[in-house]
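Source file: run-v8.csv. Holds: CSV, C-alpha atoms.
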```csv
chain,number,residue,atom,x,y,z
M,1,MET,CA,76.4,38.1,60.0
M,2,SER,CA,78.6,38.7,56.9
M,3,THR,CA,80.7,41.8,56.3
M,4,ARG,CA,78.4,42.8,53.4
M,5,SER,CA,75.3,42.5,55.6
M,6,CYS,CA,77.0,44.6,58.3
M,7,SER,CA,77.9,47.2,55.7
M,8,VAL,CA,74.3,47.4,54.4
M,9,LEU,CA,73.0,47.6,58.0
M,10,LEU,CA,75.4,50.3,58.9
M,11,ALA,CA,74.6,52.3,55.8
M,12,ALA,CA,70.9,52.0,56.5
M,13,LEU,CA,71.4,53.2,60.1
M,14,ILE,CA,73.5,56.1,59.0
M,15,ALA,CA,70.8,57.1,56.4
M,16,MET,CA,68.1,56.7,59.1
M,17,PHE,CA,69.9,59.0,61.6
M,18,ALA,CA,70.7,61.5,58.9
M,19,PHE,CA,67.1,61.6,57.8
M,20,ALA,CA,65.9,61.9,61.4
M,21,GLY,CA,68.2,64.9,61.9
M,22,GLU,CA,66.8,66.6,58.9
M,23,ALA,CA,63.2,65.9,59.9
M,24,SER,CA,63.6,67.0,63.5
M,25,ALA,CA,61.1,69.6,64.6
M,26,THR,CA,61.9,73.2,65.4
M,27,THR,CA,59.8,74.5,68.2
M,28,ASN,CA,58.3,77.7,69.5
M,29,VAL,CA,57.1,78.5,73.0
M,30,PHE,CA,54.1,80.8,73.6
M,31,PHE,CA,51.7,81.6,76.3
M,32,ALA,CA,47.9,81.7,76.0
M,33,PHE,CA,45.8,83.6,78.6
M,34,HIS,CA,42.1,82.9,78.6
M,35,ARG,CA,40.1,85.6,80.5
M,36,TYR,CA,37.2,84.2,82.5
M,37,GLY,CA,37.3,86.4,85.6
M,38,ASN,CA,39.7,88.6,87.4
M,39,THR,CA,40.8,85.8,89.9
M,40,ASN,CA,39.8,82.7,88.0
M,41,SER,CA,41.3,82.7,84.5
M,42,TYR,CA,43.7,80.3,82.8
M,43,LEU,CA,47.3,80.6,81.6
M,44,THR,CA,49.0,77.9,79.5
M,45,ILE,CA,52.6,77.7,78.3
M,46,ASN,CA,52.7,75.8,75.0
M,47,LEU,CA,55.5,74.1,73.1
M,48,GLN,CA,54.6,74.1,69.4
M,49,ASP,CA,56.1,72.2,66.5
M,50,THR,CA,56.7,75.1,64.0
M,51,ASN,CA,56.7,72.7,61.0
M,52,SER,CA,53.3,71.2,61.6
M,53,GLY,CA,51.7,73.8,64.0
M,54,ALA,CA,50.9,71.0,66.5
M,55,ILE,CA,51.1,71.7,70.2
M,56,ILE,CA,53.5,69.0,71.5
M,57,GLY,CA,53.6,70.1,75.1
M,58,GLN,CA,51.4,72.2,77.4
M,59,ARG,CA,51.2,73.1,81.0
M,60,GLY,CA,48.2,75.1,82.5
M,61,PHE,CA,47.8,77.2,85.6
M,62,ARG,CA,45.0,79.2,87.3
M,63,ALA,CA,45.7,82.9,86.8
M,64,GLY,CA,44.3,86.3,87.4
M,65,SER,CA,44.4,89.7,85.9
M,66,GLY,CA,43.2,93.1,87.0
M,67,THR,CA,40.5,94.1,89.4
M,68,SER,CA,38.0,95.0,86.6
M,69,THR,CA,37.1,93.4,83.3
M,70,ASP,CA,37.4,96.9,81.6
M,71,GLU,CA,40.6,96.3,79.6
M,72,CYS,CA,41.0,100.1,79.2
M,73,ALA,CA,41.0,100.8,83.0
M,74,LEU,CA,44.6,101.7,83.9
M,75,ARG,CA,46.0,99.6,86.7
M,76,GLN,CA,42.6,98.0,87.2
M,77,GLY,CA,41.5,96.4,84.0
M,78,TRP,CA,42.5,92.9,82.9
M,79,LEU,CA,45.0,92.5,80.1
M,80,PRO,CA,43.7,93.6,76.7
M,81,ALA,CA,42.9,90.9,74.1
M,82,GLY,CA,45.3,90.1,71.3
M,83,TRP,CA,49.0,89.2,70.7
M,84,TYR,CA,51.9,90.5,72.7
M,85,ASP,CA,55.7,90.2,72.2
M,86,LEU,CA,57.8,89.1,75.1
M,87,ARG,CA,60.5,91.7,76.1
M,88,GLY,CA,62.4,89.4,78.5
M,89,HIS,CA,62.4,87.0,81.3
M,90,PHE,CA,64.0,87.4,84.7
M,91,ASP,CA,64.3,85.1,87.7
M,92,TYR,CA,65.3,87.8,90.2
M,93,TYR,CA,63.5,90.9,89.1
M,94,ASN,CA,63.6,93.7,91.6
M,95,GLY,CA,61.0,96.3,90.6
M,96,SER,CA,59.2,98.5,93.1
M,97,LEU,CA,55.8,96.7,92.6
M,98,ILE,CA,56.8,93.4,91.1
M,99,LYS,CA,59.7,91.1,92.1
M,100,GLY,CA,61.0,87.6,91.5
M,101,ARG,CA,60.3,85.5,88.4
M,102,VAL,CA,58.7,87.6,85.7
M,103,TRP,CA,58.1,87.7,81.9
M,104,GLN,CA,57.8,91.2,80.5
M,105,LEU,CA,55.2,91.8,77.8
M,106,SER,CA,55.1,94.5,75.2
M,107,ASP,CA,52.8,97.6,75.6
M,108,LYS,CA,49.3,97.3,74.0
M,109,ARG,CA,46.4,99.6,73.3
M,110,CYS,CA,43.0,98.3,74.5
M,111,ASN,CA,39.8,98.1,72.4
M,112,GLY,CA,41.5,96.5,69.5
M,113,GLY,CA,44.2,99.2,69.3
M,114,SER,CA,42.0,102.3,69.4
M,115,GLY,CA,42.0,102.8,73.2
M,116,GLN,CA,44.3,103.6,76.1
M,117,LEU,CA,47.9,102.5,75.9
M,118,ARG,CA,48.6,99.8,78.6
M,119,SER,CA,52.2,99.5,79.7
M,120,GLU,CA,54.4,97.9,82.3
M,121,LEU,CA,52.7,94.5,81.8
M,122,PHE,CA,54.1,91.2,83.1
M,123,ILE,CA,53.4,87.6,83.9
M,124,HIS,CA,54.4,87.3,87.6
M,125,SER,CA,53.4,86.3,91.1
M,126,GLU,CA,53.7,87.8,94.6
M,127,GLU,CA,57.2,87.0,95.8
M,128,THR,CA,60.5,88.7,96.7
M,129,SER,CA,63.3,89.3,94.3
M,130,ASP,CA,65.0,86.2,95.6
M,131,GLU,CA,61.9,84.1,94.8
M,132,GLY,CA,60.8,83.9,98.5
M,133,GLN,CA,57.9,85.3,100.5
M,134,TYR,CA,57.8,88.4,102.7
M,135,CYS,CA,54.8,88.3,105.0
M,136,PRO,CA,55.3,90.9,107.8
M,137,THR,CA,51.7,91.7,108.6
M,138,ALA,CA,48.3,89.9,109.0
M,139,TYR,CA,47.0,92.0,106.0
M,140,ASP,CA,47.6,91.8,102.3
M,141,ASP,CA,51.4,92.1,101.8
M,142,PRO,CA,52.6,92.8,98.2
M,143,PHE,CA,55.3,90.1,98.2
M,144,CYS,CA,53.4,87.4,100.0
M,145,TRP,CA,50.9,85.0,98.6
M,146,GLU,CA,48.1,84.8,101.1
M,147,GLY,CA,45.3,83.3,99.1
M,148,ASP,CA,42.8,83.6,96.2
M,149,SER,CA,42.5,87.4,96.5
M,150,ASP,CA,46.2,87.6,95.4
M,151,TYR,CA,45.1,86.7,91.9
M,152,TYR,CA,44.0,90.3,91.6
M,153,SER,CA,46.6,92.5,89.9
M,154,LEU,CA,47.2,96.0,88.5
M,155,GLY,CA,46.5,94.7,85.0
M,156,CYS,CA,49.2,92.0,84.6
M,157,ILE,CA,48.8,88.2,84.6
M,158,LYS,CA,49.4,86.7,88.0
M,159,VAL,CA,50.0,83.0,88.9
M,160,ALA,CA,50.2,81.6,92.5
M,161,HIS,CA,53.2,81.4,94.7
M,162,ALA,CA,51.5,78.9,97.1
M,163,GLN,CA,52.0,75.4,98.5
M,164,PRO,CA,52.5,72.7,97.5
M,165,TYR,CA,56.1,73.1,96.4
M,166,PRO,CA,56.9,73.8,93.7
M,167,SER,CA,54.4,76.7,93.4
M,168,ASP,CA,52.7,77.5,90.1
M,169,VAL,CA,55.2,80.3,89.4
M,170,GLY,CA,58.0,77.8,90.1
M,171,ARG,CA,56.6,75.2,87.8
M,172,LEU,CA,55.9,77.8,85.1
M,173,ASP,CA,59.5,79.0,85.4
M,174,ALA,CA,60.9,75.4,85.2
M,175,THR,CA,58.8,74.7,82.1
M,176,TRP,CA,60.1,77.9,80.5
M,177,ASP,CA,63.7,77.0,81.3
M,178,SER,CA,63.3,73.5,79.8
M,179,TRP,CA,61.4,74.5,76.7
M,180,ASP,CA,63.0,77.9,75.9
M,181,GLY,CA,65.5,79.0,78.5
M,182,ARG,CA,66.1,82.6,77.5
M,183,HIS,CA,66.8,85.1,80.3
M,184,GLY,CA,67.4,88.8,80.4
M,185,TYR,CA,66.1,91.2,77.7
M,186,PHE,CA,65.1,89.7,74.3
M,187,THR,CA,62.2,90.0,71.9
M,188,GLY,CA,60.0,87.0,71.4
M,189,TYR,CA,57.5,88.0,68.7
M,190,SER,CA,53.8,87.0,69.1
M,191,ALA,CA,54.7,85.1,72.2
M,192,VAL,CA,51.6,85.8,74.4
M,193,PHE,CA,48.0,85.5,73.2
M,194,VAL,CA,45.1,86.9,75.3
M,195,SER,CA,41.5,85.9,74.5
```

Write-out of the structure in structure tokens:
Amino acid sequence: MSTRSCSVLLAALIAMFAFAGEASATTNVFFAFHRYGNTNSYLTINLQDTNSGAIIGQRGFRAGSGTSTDECALRQGWLPAGWYDLRGHFDYYNGSLIKGRVWQLSDKRCNGGSGQLRSELFIHSEETSDEGQYCPTAYDDPFCWEGDSDYYSLGCIKVAHAQPYPSDVGRLDATWDSWDGRHGYFTGYSAVFVS
């Protein structure tokens, strides 16, 4: 190959890589929660190309919310419909009722904004603050995933911490880390949609 041909080829490669860098997609990560029943709904984490709006990656999980379908029932109703901001993500959250891997959602009024204010809302599972299980009794322990009845929640979105390994909450957390990766307190605007 002549020096001139090599120079032309090199120039073409440089232009191609420069164009590819300019055309690279910026992405956004958001959750979508589809309410079907308190213990049998569906949560997806979505990777979206913000230039085209196309969903370029998606993972889905069975999920639950509430013990009632009345979205205004405090600590009983499933999550109200609409958009939520994310307020943070924590791997070792140590609250009194919720522990482990959590995504904290913004507060929201039910009934399209005219009803009761719902607060302290999370995407979470039943696990300990170190992402393990604490199952001291033969009954329903709050930090132990025993089965399908654990999809019930106090109004949050709950995914399973159950076999096989990794659990749904583990796979959700790993997907978040690879697609977004933020931890601690932050604001992710319009990051969770509930239908």

Tell me which protein, DNA and RNA residues are within 12 Å of segment 67-71 of chain M, counting all atoms listed in the file, leaving out same-chain ones fewer than 2 positions away, and put them as a VMD selection string. chain M and resid 35 to 41 64 to 65 73 to 82 108 to 118 149 to 158 194 to 195

Produce a file of the selected residues containing C-alpha atoms, as a compact mmCIF listing (two decimals), keeping the file's coordinate frame.
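In the end it all went to out_4.txt:
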```
# COMPACT_ATOMS: atom_id res chain seq x y z
CA ARG M 35 40.10 85.60 80.50
CA TYR M 36 37.20 84.20 82.50
CA GLY M 37 37.30 86.40 85.60
CA ASN M 38 39.70 88.60 87.40
CA THR M 39 40.80 85.80 89.90
CA ASN M 40 39.80 82.70 88.00
CA SER M 41 41.30 82.70 84.50
CA GLY M 64 44.30 86.30 87.40
CA SER M 65 44.40 89.70 85.90
CA ALA M 73 41.00 100.80 83.00
CA LEU M 74 44.60 101.70 83.90
CA ARG M 75 46.00 99.60 86.70
CA GLN M 76 42.60 98.00 87.20
CA GLY M 77 41.50 96.40 84.00
CA TRP M 78 42.50 92.90 82.90
CA LEU M 79 45.00 92.50 80.10
CA PRO M 80 43.70 93.60 76.70
CA ALA M 81 42.90 90.90 74.10
CA GLY M 82 45.30 90.10 71.30
CA LYS M 108 49.30 97.30 74.00
CA ARG M 109 46.40 99.60 73.30
CA CYS M 110 43.00 98.30 74.50
CA ASN M 111 39.80 98.10 72.40
CA GLY M 112 41.50 96.50 69.50
CA GLY M 113 44.20 99.20 69.30
CA SER M 114 42.00 102.30 69.40
CA GLY M 115 42.00 102.80 73.20
CA GLN M 116 44.30 103.60 76.10
CA LEU M 117 47.90 102.50 75.90
CA ARG M 118 48.60 99.80 78.60
CA SER M 149 42.50 87.40 96.50
CA ASP M 150 46.20 87.60 95.40
CA TYR M 151 45.10 86.70 91.90
CA TYR M 152 44.00 90.30 91.60
CA SER M 153 46.60 92.50 89.90
CA LEU M 154 47.20 96.00 88.50
CA GLY M 155 46.50 94.70 85.00
CA CYS M 156 49.20 92.00 84.60
CA ILE M 157 48.80 88.20 84.60
CA LYS M 158 49.40 86.70 88.00
CA VAL M 194 45.10 86.90 75.30
CA SER M 195 41.50 85.90 74.50
```

Quick one: everything within 9 Å of segment 129-145 of chain M, counting only C-alpha atoms, minus sequence neighbours fewer than 4 positions away in the same chain. Send it as JSON, numbers by chain. {"M": [91, 92, 93, 94, 95, 97, 98, 99, 100, 101, 125, 149, 150, 160, 161, 162, 170]}

Using atom CA of Val192 of chain M and atom CA of Ser167 of chain M as the two end points, give the distance in Å to one decimal. 21.3 Å

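In this model, the gap between atom CA of Trp103 of chain M and atom CA of Asn46 of chain M comes to 14.8 Å.
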
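The spacing separating atom CA of Leu121 of chain M from atom CA of Ser178 of chain M amounts to 23.6 Å.
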
Within 7 Å of Val102 of chain M using all atoms listed in the file, minus same-chain residues under 6 positions, as a PDB file with C-alpha atoms, keeping the file's coordinate frame:
```pdb
ATOM      1  CA  HIS M  89      62.400  87.000  81.300  1.00  0.00           C
ATOM      2  CA  PHE M  90      64.000  87.400  84.700  1.00  0.00           C
ATOM      3  CA  ASP M  91      64.300  85.100  87.700  1.00  0.00           C
ATOM      4  CA  TYR M  93      63.500  90.900  89.100  1.00  0.00           C
ATOM      5  CA  PHE M 122      54.100  91.200  83.100  1.00  0.00           C
ATOM      6  CA  ILE M 123      53.400  87.600  83.900  1.00  0.00           C
ATOM      7  CA  HIS M 124      54.400  87.300  87.600  1.00  0.00           C
TER       8      HIS M 124
END
```

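Residue neighbourhood of Thr26 of chain M, excluding near-sequence residues (fewer than 2 positions): Ser24, Asn28, Gln48, Asp49, Thr50 and Asn51 of chain M, at 9 Å, using only C-alpha atoms.
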
Residue with smallest distance to Ala54 of chain M - pool M:Val159, M:Ala191, M:Val29, M:Cys72, counting all atoms listed in the file: M:Val29

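Nearest residue to Phe31 of chain M, choosing from M:Glu120, M:Trp83, M:Thr128, M:Ile56 and counting only C-alpha atoms: M:Trp83.
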
Set the distance at 9 Å and use only C-alpha atoms: which residues neighbour Arg182 of chain M once local chain neighbours fewer than 2 positions away are removed? I'd like the list as a PDB file with C-alpha atoms, in the coordinates of the input.
```pdb
ATOM      1  CA  GLY M  88      62.400  89.400  78.500  1.00  0.00           C
ATOM      2  CA  HIS M  89      62.400  87.000  81.300  1.00  0.00           C
ATOM      3  CA  PHE M  90      64.000  87.400  84.700  1.00  0.00           C
ATOM      4  CA  TRP M 176      60.100  77.900  80.500  1.00  0.00           C
ATOM      5  CA  ASP M 177      63.700  77.000  81.300  1.00  0.00           C
ATOM      6  CA  ASP M 180      63.000  77.900  75.900  1.00  0.00           C
ATOM      7  CA  GLY M 184      67.400  88.800  80.400  1.00  0.00           C
ATOM      8  CA  TYR M 185      66.100  91.200  77.700  1.00  0.00           C
ATOM      9  CA  PHE M 186      65.100  89.700  74.300  1.00  0.00           C
TER      10      PHE M 186
END
```

Export of segment 152-193 of chain M: N, CA and C atoms, as a CSV table (one decimal), in the first residue's frame:
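What follows is the written file selection-v2.csv:
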```csv
chain,number,residue,atom,x,y,z
M,152,TYR,N,-46.4,-8.3,49.4
M,152,TYR,CA,-47.1,-7.2,50.0
M,152,TYR,C,-46.2,-6.2,50.6
M,153,SER,N,-46.6,-5.0,50.7
M,153,SER,CA,-45.8,-3.9,51.3
M,153,SER,C,-46.7,-2.9,52.0
M,154,LEU,N,-46.0,-1.9,52.6
M,154,LEU,CA,-46.7,-0.8,53.2
M,154,LEU,C,-46.9,0.4,52.2
M,155,GLY,N,-46.9,0.0,50.9
M,155,GLY,CA,-47.2,1.0,49.9
M,155,GLY,C,-46.1,1.3,49.0
M,156,CYS,N,-44.9,0.6,49.2
M,156,CYS,CA,-43.8,0.8,48.4
M,156,CYS,C,-43.8,-0.2,47.2
M,157,ILE,N,-42.8,-0.3,46.4
M,157,ILE,CA,-42.6,-1.3,45.4
M,157,ILE,C,-41.6,-2.3,45.9
M,158,LYS,N,-42.0,-3.6,45.9
M,158,LYS,CA,-41.1,-4.6,46.5
M,158,LYS,C,-40.8,-5.7,45.4
M,159,VAL,N,-39.5,-6.0,45.4
M,159,VAL,CA,-39.0,-7.1,44.5
M,159,VAL,C,-38.4,-8.2,45.4
M,160,ALA,N,-38.3,-9.4,44.9
M,160,ALA,CA,-37.9,-10.6,45.6
M,160,ALA,C,-36.4,-10.6,46.0
M,161,HIS,N,-36.2,-11.1,47.2
M,161,HIS,CA,-34.8,-11.5,47.6
M,161,HIS,C,-35.0,-13.0,47.8
M,162,ALA,N,-34.9,-13.8,46.8
M,162,ALA,CA,-35.2,-15.2,46.8
M,162,ALA,C,-34.2,-15.9,45.9
M,163,GLN,N,-34.1,-17.2,46.1
M,163,GLN,CA,-33.2,-18.0,45.2
M,163,GLN,C,-33.9,-18.0,43.8
M,164,PRO,N,-33.2,-18.2,42.7
M,164,PRO,CA,-31.8,-18.5,42.6
M,164,PRO,C,-31.0,-17.3,42.8
M,165,TYR,N,-29.7,-17.5,43.1
M,165,TYR,CA,-28.8,-16.4,43.2
M,165,TYR,C,-28.3,-15.9,41.8
M,166,PRO,N,-28.2,-14.7,41.5
M,166,PRO,CA,-28.5,-13.6,42.3
M,166,PRO,C,-30.1,-13.3,42.4
M,167,SER,N,-30.5,-12.9,43.4
M,167,SER,CA,-32.0,-12.6,43.6
M,167,SER,C,-32.4,-11.5,42.7
M,168,ASP,N,-33.7,-11.3,42.6
M,168,ASP,CA,-34.2,-10.2,41.7
M,168,ASP,C,-33.7,-8.8,42.2
M,169,VAL,N,-33.7,-8.6,43.5
M,169,VAL,CA,-33.1,-7.3,44.0
M,169,VAL,C,-31.6,-7.2,43.7
M,170,GLY,N,-30.9,-8.3,43.7
M,170,GLY,CA,-29.5,-8.3,43.3
M,170,GLY,C,-29.3,-8.0,41.9
M,171,ARG,N,-30.1,-8.6,41.0
M,171,ARG,CA,-30.0,-8.3,39.6
M,171,ARG,C,-30.4,-6.9,39.2
M,172,LEU,N,-31.5,-6.4,39.9
M,172,LEU,CA,-31.9,-5.0,39.7
M,172,LEU,C,-30.8,-4.0,40.1
M,173,ASP,N,-30.2,-4.3,41.3
M,173,ASP,CA,-29.1,-3.5,41.7
M,173,ASP,C,-27.9,-3.5,40.8
M,174,ALA,N,-27.5,-4.7,40.3
M,174,ALA,CA,-26.4,-4.8,39.4
M,174,ALA,C,-26.7,-4.1,38.1
M,175,THR,N,-27.9,-4.2,37.6
M,175,THR,CA,-28.3,-3.4,36.4
M,175,THR,C,-28.2,-1.9,36.6
M,176,TRP,N,-28.7,-1.5,37.7
M,176,TRP,CA,-28.6,0.0,38.1
M,176,TRP,C,-27.1,0.4,38.1
M,177,ASP,N,-26.3,-0.4,38.7
M,177,ASP,CA,-24.9,0.0,38.8
M,177,ASP,C,-24.2,0.0,37.4
M,178,SER,N,-24.6,-0.9,36.5
M,178,SER,CA,-24.0,-0.8,35.2
M,178,SER,C,-24.6,0.2,34.3
M,179,TRP,N,-25.8,0.6,34.4
M,179,TRP,CA,-26.4,1.6,33.6
M,179,TRP,C,-26.4,3.0,34.1
M,180,ASP,N,-26.4,3.2,35.4
M,180,ASP,CA,-26.4,4.5,36.0
M,180,ASP,C,-25.3,4.7,37.0
M,181,GLY,N,-25.4,3.9,38.1
M,181,GLY,CA,-24.3,3.9,39.1
M,181,GLY,C,-24.3,4.9,40.2
M,182,ARG,N,-25.3,5.8,40.2
M,182,ARG,CA,-25.3,6.8,41.3
M,182,ARG,C,-25.7,6.1,42.6
M,183,HIS,N,-25.1,6.6,43.7
M,183,HIS,CA,-25.4,6.1,45.0
M,183,HIS,C,-25.5,7.3,46.0
M,184,GLY,N,-26.1,7.1,47.1
M,184,GLY,CA,-26.3,8.2,48.0
M,184,GLY,C,-27.5,9.0,47.6
M,185,TYR,N,-27.6,10.2,48.2
M,185,TYR,CA,-28.7,11.1,47.8
M,185,TYR,C,-28.4,11.9,46.5
M,186,PHE,N,-29.4,11.9,45.7
M,186,PHE,CA,-29.3,12.7,44.4
M,186,PHE,C,-30.8,12.9,44.0
M,187,THR,N,-31.0,13.7,42.9
M,187,THR,CA,-32.3,13.8,42.4
M,187,THR,C,-32.3,13.4,40.9
M,188,GLY,N,-33.0,12.4,40.6
M,188,GLY,CA,-33.2,11.9,39.3
M,188,GLY,C,-34.7,12.2,38.9
M,189,TYR,N,-34.8,13.3,38.1
M,189,TYR,CA,-36.1,13.8,37.7
M,189,TYR,C,-36.9,12.8,36.8
M,190,SER,N,-38.2,12.7,37.1
M,190,SER,CA,-39.1,11.8,36.3
M,190,SER,C,-38.4,10.4,36.0
M,191,ALA,N,-38.0,9.8,37.1
M,191,ALA,CA,-37.2,8.5,37.0
M,191,ALA,C,-38.0,7.3,37.2
M,192,VAL,N,-39.3,7.4,37.7
M,192,VAL,CA,-40.1,6.3,38.0
M,192,VAL,C,-41.5,6.6,37.5
M,193,PHE,N,-42.1,5.7,36.7
M,193,PHE,CA,-43.4,5.9,36.2
M,193,PHE,C,-44.3,4.7,36.7
```
